[in-house]
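Participant: Quick one: the structure is below, questions incoming.
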Amino acid sequence: QAKPQNLLQLDEQQRSRFLDSFDRVISDIDGVVWSMESMVPNAAEGYKALERIGKPVQFVTNNSVRSVGQIVRRFDKLGMTVQPEQISHPAQAIVDYLRGIKFEGLIYIIASSPFKKVLSDAGLQLIDGPHDPIEESVEGLFKGIFDPQPVKAVVIDVDFNLNCAKMLRAQQYLRKPGCLLIQGATDRLLPMGRGLNIIGPGPFSSILVEASGKEAITLGKPGRELGDLLIRQYKIDQPSRVLMIGDMLAQDVAFGRQSGFQTLLVLSGGCTLEQLQAETDPSRIPDYYADSVADVAALLGHLPKAHV
């Protein structure tokens with residue numbers, strides 16, 4: 001694995017080769033376009049510069065708490081016109097996947113309210129809970145977690161009201177042969193700001209994988225199933241001619257590499273230059289890196305270098 005190249009240290013020949021090597025861009029959003037507390041300076045100019053030279057941009061996010069409509073409106077505040085169909089959201093990806101396999105049946109879901117709404121609006125049958133504390137006895141436990149309903153799939157994503165009873169109930173449904181385990185976001189940590197991370201949904205998904213012995217179908221980054229879905233949806237014939245932009249090694253770079261895309265890591269979000277330089281897993285080492293997406297505009301002569 002060659003060392004990643006700094007985008008703004010490419011010579012003229014390398015720059016030309018880079019720009020000619022991809023036809024389409026798939027980009028993460030959080031940590032790339034904006035963070036929890038602010039917008040990434042001049043990120044919009046980077047995307048506009050790409051579109052000006054004929055490189056269409058799609059976005060893929062693991063952030064299921066914010067709806068697609070909310071994402072579109074936030075892009076609008078940046079002066080970027082982004083259509084809903086340009087955004088891949090974990091909940092919608094799960095809907096598309098289930099439609100693709102002609103899924104029918106009841107789904108037990110552990111997720112946020114906006115996530116559940118996407119699935120229910122698509123006509124899928126959902127059950128959830130328990131939401132209230134269960135009695136701390138064997139009888140109370142059995143009453144709280146065992147349920148005879150014919151659940152055909154368990155879906156797990158971010159749930160700020162996750163509790164032990166929900167996890168135990170999910171485990172019991174997964175004991176049934178043929179019950180699918182489907183996960184959205186797999187982030188083990190969620191960056192909330194500089195130096196502040198909270199536990200993400202990944203560790204909880206891992207518990208269900210281990211407890212059930214089932215392989216999860218992953219419709220968030222870095223899921224192989226998500227990559228296959230995007231390749232079909234965007235009619236991508238040559239994955240190697242797609243540039244994946246993201247700020248996380250384990251989610252974005254690993255997703256891009258697994259999908260056969262080129263990868264550009266930006267240091268405006270969840271990864272520092274020191275973390276990039278310390279990474280030894282080839283599946284998490286990008287082809288290129290930059291301070292932010294604004295450096296793409298600088299590469300094309302539209303902006304000075306970014307400083308993050």
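Note on naming: chains are A, B, ... as they come in the structure tokens, residues start from 1 per chain, ligands start from 1 in the order shown.
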Can you list, as a ChimeraX atom specification, every residue of segment 20-176 of chain A that DSSP puts in helix (DSSP H, G or I)?
Facilitator: /A:20,43-52,68-77,84-86,90-100,113-121,138-145,164-174
Participant: Could you list, with a cut-off of 10 Å and counting only C-alpha atoms, the residues of segment 45-156 of chain A near segment 178-201 of chain A, each shown with its nearest atom pair and the distance in Å rounded to one decimal, rows sorted by chain and ascending number, as JSON lines?
Facilitator:
{"residue": "A:Thr61", "atom": "CA", "partner": "A:Ala185", "partner_atom": "CA", "distance": 8.7}
{"residue": "A:Asn62", "atom": "CA", "partner": "A:Ala185", "partner_atom": "CA", "distance": 5.1}
{"residue": "A:Asn63", "atom": "CA", "partner": "A:Ala185", "partner_atom": "CA", "distance": 7.3}
{"residue": "A:Ser64", "atom": "CA", "partner": "A:Ala185", "partner_atom": "CA", "distance": 7.7}
{"residue": "A:His89", "atom": "CA", "partner": "A:Gly184", "partner_atom": "CA", "distance": 8.9}
{"residue": "A:Pro90", "atom": "CA", "partner": "A:Gly184", "partner_atom": "CA", "distance": 5.2}
{"residue": "A:Ala91", "atom": "CA", "partner": "A:Gly184", "partner_atom": "CA", "distance": 7.0}
{"residue": "A:Gln92", "atom": "CA", "partner": "A:Gly184", "partner_atom": "CA", "distance": 9.8}
{"residue": "A:Ala93", "atom": "CA", "partner": "A:Gly184", "partner_atom": "CA", "distance": 8.3}
{"residue": "A:Ile94", "atom": "CA", "partner": "A:Gly184", "partner_atom": "CA", "distance": 7.4}
{"residue": "A:Leu98", "atom": "CA", "partner": "A:Ile182", "partner_atom": "CA", "distance": 9.9}
{"residue": "A:Leu106", "atom": "CA", "partner": "A:Cys179", "partner_atom": "CA", "distance": 9.9}
{"residue": "A:Ile107", "atom": "CA", "partner": "A:Leu180", "partner_atom": "CA", "distance": 9.2}
{"residue": "A:Tyr108", "atom": "CA", "partner": "A:Leu181", "partner_atom": "CA", "distance": 9.8}
{"residue": "A:Ile109", "atom": "CA", "partner": "A:Ile182", "partner_atom": "CA", "distance": 9.5}
{"residue": "A:Ile110", "atom": "CA", "partner": "A:Gln183", "partner_atom": "CA", "distance": 9.6}
{"residue": "A:Ala111", "atom": "CA", "partner": "A:Gly184", "partner_atom": "CA", "distance": 9.2}
{"residue": "A:Phe115", "atom": "CA", "partner": "A:Gly184", "partner_atom": "CA", "distance": 9.8}
{"residue": "A:Pro150", "atom": "CA", "partner": "A:Cys179", "partner_atom": "CA", "distance": 9.2}
{"residue": "A:Val151", "atom": "CA", "partner": "A:Cys179", "partner_atom": "CA", "distance": 6.9}
{"residue": "A:Lys152", "atom": "CA", "partner": "A:Cys179", "partner_atom": "CA", "distance": 4.6}
{"residue": "A:Ala153", "atom": "CA", "partner": "A:Leu180", "partner_atom": "CA", "distance": 4.3}
{"residue": "A:Val154", "atom": "CA", "partner": "A:Leu181", "partner_atom": "CA", "distance": 5.0}
{"residue": "A:Val155", "atom": "CA", "partner": "A:Ile182", "partner_atom": "CA", "distance": 4.8}
{"residue": "A:Ile156", "atom": "CA", "partner": "A:Gln183", "partner_atom": "CA", "distance": 4.9}
Participant: Give me, as a VMD selection string, all polymer residues having an atom no more than 7 Å from Phe22 of chain A, counting only C-alpha atoms and skipping those fewer than 5 positions away in the same chain.
Facilitator: chain A and resid 241 to 243
Participant: Those selected residues, please, written with C-alpha atoms and delivered as a CSV table (one decimal), in the first residue's frame.
Facilitator:
chain,number,residue,atom,x,y,z
A,241,ARG,CA,-13.6,5.6,-11.7
A,242,VAL,CA,-15.6,6.8,-8.6
A,243,LEU,CA,-14.0,9.1,-6.0
Participant: Return as a compact mmCIF listing (two decimals) with N, CA and C atoms, in the first residue's frame the full set of residues in segment 166-305 of chain A whose backbone-based DSSP assignment is strand (DSSP E).
Facilitator:
# COMPACT_ATOMS: atom_id res chain seq x y z
N LEU A 180 -33.82 -12.07 9.49
CA LEU A 180 -32.67 -11.29 9.03
C LEU A 180 -32.21 -10.31 10.11
N LEU A 181 -30.91 -10.06 10.15
CA LEU A 181 -30.34 -9.00 10.99
C LEU A 181 -29.80 -7.93 10.04
N ILE A 182 -30.40 -6.74 10.12
CA ILE A 182 -30.04 -5.64 9.22
C ILE A 182 -29.60 -4.44 10.05
N GLN A 183 -28.43 -3.90 9.72
CA GLN A 183 -27.95 -2.73 10.45
C GLN A 183 -27.77 -1.54 9.50
N LEU A 189 -17.94 4.89 17.32
CA LEU A 189 -17.96 6.16 18.03
C LEU A 189 -18.54 7.22 17.12
N LEU A 190 -19.31 8.13 17.70
CA LEU A 190 -19.88 9.23 16.93
C LEU A 190 -19.20 10.52 17.36
N PRO A 191 -18.46 11.20 16.44
CA PRO A 191 -17.82 12.46 16.82
C PRO A 191 -18.86 13.57 16.98
N MET A 192 -18.88 14.19 18.15
CA MET A 192 -19.84 15.26 18.43
C MET A 192 -19.17 16.63 18.38
N GLY A 193 -17.87 16.63 18.26
CA GLY A 193 -17.11 17.87 18.23
C GLY A 193 -15.65 17.53 18.43
N LEU A 196 -14.56 15.17 21.30
CA LEU A 196 -15.73 14.64 22.00
C LEU A 196 -16.40 13.57 21.14
N ASN A 197 -16.37 12.32 21.62
CA ASN A 197 -17.04 11.21 20.94
C ASN A 197 -18.02 10.56 21.90
N ILE A 198 -19.11 10.03 21.33
CA ILE A 198 -20.03 9.23 22.13
C ILE A 198 -20.15 7.85 21.48
N ILE A 199 -20.60 6.86 22.24
CA ILE A 199 -20.75 5.51 21.71
C ILE A 199 -21.78 5.52 20.59
N ILE A 217 -26.59 -7.81 7.60
CA ILE A 217 -26.68 -7.13 6.31
C ILE A 217 -26.51 -5.64 6.62
N THR A 218 -25.50 -5.01 6.03
CA THR A 218 -25.13 -3.64 6.44
C THR A 218 -25.46 -2.63 5.34
N VAL A 242 -14.78 6.02 -9.61
CA VAL A 242 -15.56 6.78 -8.64
C VAL A 242 -14.61 7.26 -7.55
N LEU A 243 -14.75 8.51 -7.12
CA LEU A 243 -13.95 9.05 -6.01
C LEU A 243 -14.84 9.16 -4.78
N MET A 244 -14.46 8.47 -3.72
CA MET A 244 -15.17 8.54 -2.44
C MET A 244 -14.46 9.54 -1.55
N ILE A 245 -15.20 10.53 -1.03
CA ILE A 245 -14.65 11.54 -0.13
C ILE A 245 -15.25 11.35 1.25
N GLY A 246 -14.41 11.31 2.27
CA GLY A 246 -14.93 11.17 3.62
C GLY A 246 -13.90 11.60 4.66
N GLN A 262 -11.86 4.92 -5.69
CA GLN A 262 -10.72 5.69 -5.20
C GLN A 262 -11.17 6.44 -3.94
N THR A 263 -10.21 6.82 -3.11
CA THR A 263 -10.58 7.44 -1.83
C THR A 263 -9.79 8.70 -1.55
N LEU A 264 -10.50 9.71 -1.04
CA LEU A 264 -9.91 10.97 -0.60
C LEU A 264 -10.36 11.23 0.83
N LEU A 265 -9.43 11.25 1.76
CA LEU A 265 -9.73 11.55 3.16
C LEU A 265 -9.54 13.04 3.39
N VAL A 266 -10.53 13.66 4.04
CA VAL A 266 -10.38 15.06 4.44
C VAL A 266 -10.23 15.12 5.96
N TYR A 288 -5.63 9.52 -1.40
CA TYR A 288 -5.29 10.94 -1.29
C TYR A 288 -5.82 11.48 0.04
N TYR A 289 -5.25 12.60 0.47
CA TYR A 289 -5.83 13.30 1.62
C TYR A 289 -5.70 14.80 1.40
N ALA A 290 -6.52 15.56 2.14
CA ALA A 290 -6.51 17.02 2.05
C ALA A 290 -7.03 17.58 3.37
Participant: Using only C-alpha atoms, which of the listed residues (A:Lys166, A:Leu78, A:Gln172, A:Arg17) sits closest to Tyr47 of chain A?
Facilitator: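 For Tyr47 of chain A, the nearest of the candidates is A:Leu78.
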Participant: So which one's closest to Thr280 of chain A, A:Leu299, A:Val82, A:Ala250, A:Ile29? Using only C-alpha atoms, please.
Facilitator: A:Ala250
Participant: Using atom CA of Gln14 of chain A and atom CA of Ser283 of chain A as the two end points, give the distance in Å to one decimal.
Facilitator: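 These two atoms are separated by 22.8 Å.
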Participant: Select, from A:Ala278, A:Val118, A:Leu229, A:Cys271, the residue with the minimum atom-to-atom distance to Gly100 of chain A, counting only C-alpha atoms.
Facilitator: A:Leu229
Participant: In Å, how far is it from atom CA of Phe160 of chain A to atom CA of Lys116 of chain A?
Facilitator: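 A separation of 13.2 Å between them.
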Participant: Of the candidates A:Asp291, A:Asp76, A:Asp30, A:Asp11, which one gets nearest to Thr272 of chain A if we count only C-alpha atoms?
Facilitator: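 Among A:Asp291, A:Asp76, A:Asp30, A:Asp11, it is A:Asp291 that comes nearest to Thr272 of chain A.
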Participant: Using only C-alpha atoms, determine which residues lie at most 12 Å from Cys164 of chain A, disregarding the query and same-chain residues fewer than 4 positions distant; provide the list as a compact mmCIF listing (two decimals) with all heavy atoms, in the first residue's frame.
Facilitator:
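The result, written out as result.txt:
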# COMPACT_ATOMS: atom_id res chain seq x y z
N ILE A 110 -35.03 -1.20 16.14
CA ILE A 110 -34.38 -0.40 17.19
C ILE A 110 -33.75 0.78 16.46
O ILE A 110 -32.74 0.62 15.76
CB ILE A 110 -33.30 -1.21 17.92
CG1 ILE A 110 -33.91 -2.44 18.62
CG2 ILE A 110 -32.56 -0.33 18.93
CD1 ILE A 110 -32.87 -3.38 19.24
N GLY A 129 -40.03 -1.48 20.91
CA GLY A 129 -40.20 -1.56 22.36
C GLY A 129 -39.54 -2.80 22.94
O GLY A 129 -38.88 -3.55 22.22
N PRO A 130 -39.69 -3.04 24.24
CA PRO A 130 -40.48 -2.26 25.20
C PRO A 130 -39.79 -0.93 25.56
O PRO A 130 -38.57 -0.85 25.56
CB PRO A 130 -40.57 -3.18 26.42
CG PRO A 130 -39.34 -4.04 26.33
CD PRO A 130 -39.08 -4.23 24.88
N HIS A 131 -40.61 0.06 25.84
CA HIS A 131 -40.09 1.39 26.16
C HIS A 131 -40.05 1.65 27.66
O HIS A 131 -39.27 2.49 28.12
CB HIS A 131 -40.94 2.45 25.47
CG HIS A 131 -41.01 2.28 23.98
ND1 HIS A 131 -39.92 2.46 23.16
CD2 HIS A 131 -42.04 1.91 23.16
CE1 HIS A 131 -40.27 2.23 21.90
NE2 HIS A 131 -41.55 1.89 21.88
N ASP A 132 -40.89 0.95 28.41
CA ASP A 132 -40.93 1.15 29.85
C ASP A 132 -40.02 0.15 30.55
O ASP A 132 -39.77 -0.94 30.03
CB ASP A 132 -42.37 0.99 30.36
CG ASP A 132 -43.30 2.02 29.76
OD1 ASP A 132 -42.86 3.18 29.57
OD2 ASP A 132 -44.46 1.67 29.46
N PRO A 133 -39.54 0.50 31.74
CA PRO A 133 -38.72 -0.46 32.49
C PRO A 133 -39.48 -1.76 32.75
O PRO A 133 -40.70 -1.73 32.97
CB PRO A 133 -38.44 0.28 33.81
CG PRO A 133 -38.62 1.73 33.49
CD PRO A 133 -39.69 1.78 32.45
N ILE A 134 -38.77 -2.88 32.70
CA ILE A 134 -39.42 -4.15 32.99
C ILE A 134 -39.19 -4.52 34.45
O ILE A 134 -38.23 -4.06 35.07
CB ILE A 134 -38.91 -5.27 32.05
CG1 ILE A 134 -37.40 -5.51 32.25
CG2 ILE A 134 -39.22 -4.96 30.60
CD1 ILE A 134 -36.87 -6.68 31.45
N GLU A 136 -37.95 -6.33 37.61
CA GLU A 136 -36.66 -7.00 37.82
C GLU A 136 -36.86 -8.35 38.51
O GLU A 136 -36.53 -8.54 39.69
CB GLU A 136 -35.73 -6.08 38.61
CG GLU A 136 -35.32 -4.85 37.82
CD GLU A 136 -34.36 -3.95 38.57
OE1 GLU A 136 -34.20 -4.14 39.79
OE2 GLU A 136 -33.78 -3.05 37.94
N LEU A 141 -38.85 -10.42 33.33
CA LEU A 141 -37.95 -10.52 32.18
C LEU A 141 -38.61 -11.28 31.04
O LEU A 141 -38.63 -10.81 29.89
CB LEU A 141 -36.66 -11.22 32.59
CG LEU A 141 -35.65 -11.50 31.48
CD1 LEU A 141 -35.07 -10.20 30.94
CD2 LEU A 141 -34.52 -12.41 31.96
N GLY A 144 -41.30 -9.36 29.40
CA GLY A 144 -40.81 -8.20 28.66
C GLY A 144 -40.11 -8.52 27.36
O GLY A 144 -40.13 -7.71 26.42
N ILE A 145 -39.47 -9.70 27.27
CA ILE A 145 -38.63 -9.94 26.08
C ILE A 145 -39.14 -11.03 25.15
O ILE A 145 -38.75 -11.06 23.98
CB ILE A 145 -37.16 -10.26 26.48
CG1 ILE A 145 -37.05 -11.63 27.16
CG2 ILE A 145 -36.60 -9.15 27.35
CD1 ILE A 145 -35.61 -12.07 27.40
N LEU A 168 -32.45 -7.62 24.32
CA LEU A 168 -32.81 -8.99 24.64
C LEU A 168 -33.96 -9.47 23.76
O LEU A 168 -33.99 -10.62 23.32
CB LEU A 168 -33.19 -9.11 26.12
CG LEU A 168 -32.03 -8.90 27.10
CD1 LEU A 168 -32.55 -8.84 28.54
CD2 LEU A 168 -30.98 -10.00 26.96
N ARG A 169 -34.91 -8.58 23.50
CA ARG A 169 -36.03 -8.96 22.63
C ARG A 169 -35.54 -9.21 21.20
O ARG A 169 -35.94 -10.17 20.56
CB ARG A 169 -37.12 -7.89 22.65
CG ARG A 169 -38.33 -8.27 21.81
CD ARG A 169 -39.49 -7.31 21.94
NE ARG A 169 -40.20 -7.50 23.20
CZ ARG A 169 -41.38 -6.93 23.45
NH1 ARG A 169 -41.95 -6.14 22.56
NH2 ARG A 169 -41.98 -7.15 24.61
N ALA A 170 -34.65 -8.34 20.72
CA ALA A 170 -34.08 -8.54 19.38
C ALA A 170 -33.38 -9.89 19.29
O ALA A 170 -33.51 -10.62 18.29
CB ALA A 170 -33.11 -7.41 19.06
N GLN A 171 -32.63 -10.22 20.34
CA GLN A 171 -31.92 -11.51 20.35
C GLN A 171 -32.90 -12.68 20.24
O GLN A 171 -32.64 -13.65 19.52
CB GLN A 171 -31.11 -11.66 21.64
CG GLN A 171 -30.35 -12.98 21.72
CD GLN A 171 -29.94 -13.34 23.14
OE1 GLN A 171 -30.29 -12.64 24.09
NE2 GLN A 171 -29.22 -14.43 23.28
N PHE A 204 -23.45 -2.04 19.69
CA PHE A 204 -24.71 -2.73 19.98
C PHE A 204 -25.07 -3.72 18.86
O PHE A 204 -25.55 -4.82 19.12
CB PHE A 204 -25.83 -1.71 20.19
CG PHE A 204 -25.51 -0.73 21.29
CD1 PHE A 204 -25.25 0.60 21.00
CD2 PHE A 204 -25.43 -1.14 22.61
CE1 PHE A 204 -24.94 1.50 22.01
CE2 PHE A 204 -25.12 -0.25 23.63
CZ PHE A 204 -24.87 1.08 23.32
N ILE A 207 -23.03 -6.81 19.36
CA ILE A 207 -23.58 -7.70 20.39
C ILE A 207 -24.61 -8.64 19.78
O ILE A 207 -24.62 -9.85 20.05
CB ILE A 207 -24.20 -6.87 21.54
CG1 ILE A 207 -23.11 -6.16 22.34
CG2 ILE A 207 -25.06 -7.76 22.44
CD1 ILE A 207 -23.63 -5.17 23.35
N LEU A 208 -25.48 -8.10 18.92
CA LEU A 208 -26.51 -8.95 18.29
C LEU A 208 -25.89 -9.94 17.32
O LEU A 208 -26.36 -11.08 17.21
CB LEU A 208 -27.55 -8.07 17.59
CG LEU A 208 -28.44 -7.21 18.50
CD1 LEU A 208 -29.44 -6.42 17.67
CD2 LEU A 208 -29.16 -8.06 19.54
Participant: Nearest to Lys117 of chain A among A:Leu50, A:Val65, A:Met167, A:Leu19, with distances taken over only C-alpha atoms: which residue is it?
Facilitator: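 Closest to Lys117 of chain A, using only C-alpha atoms: A:Val65.
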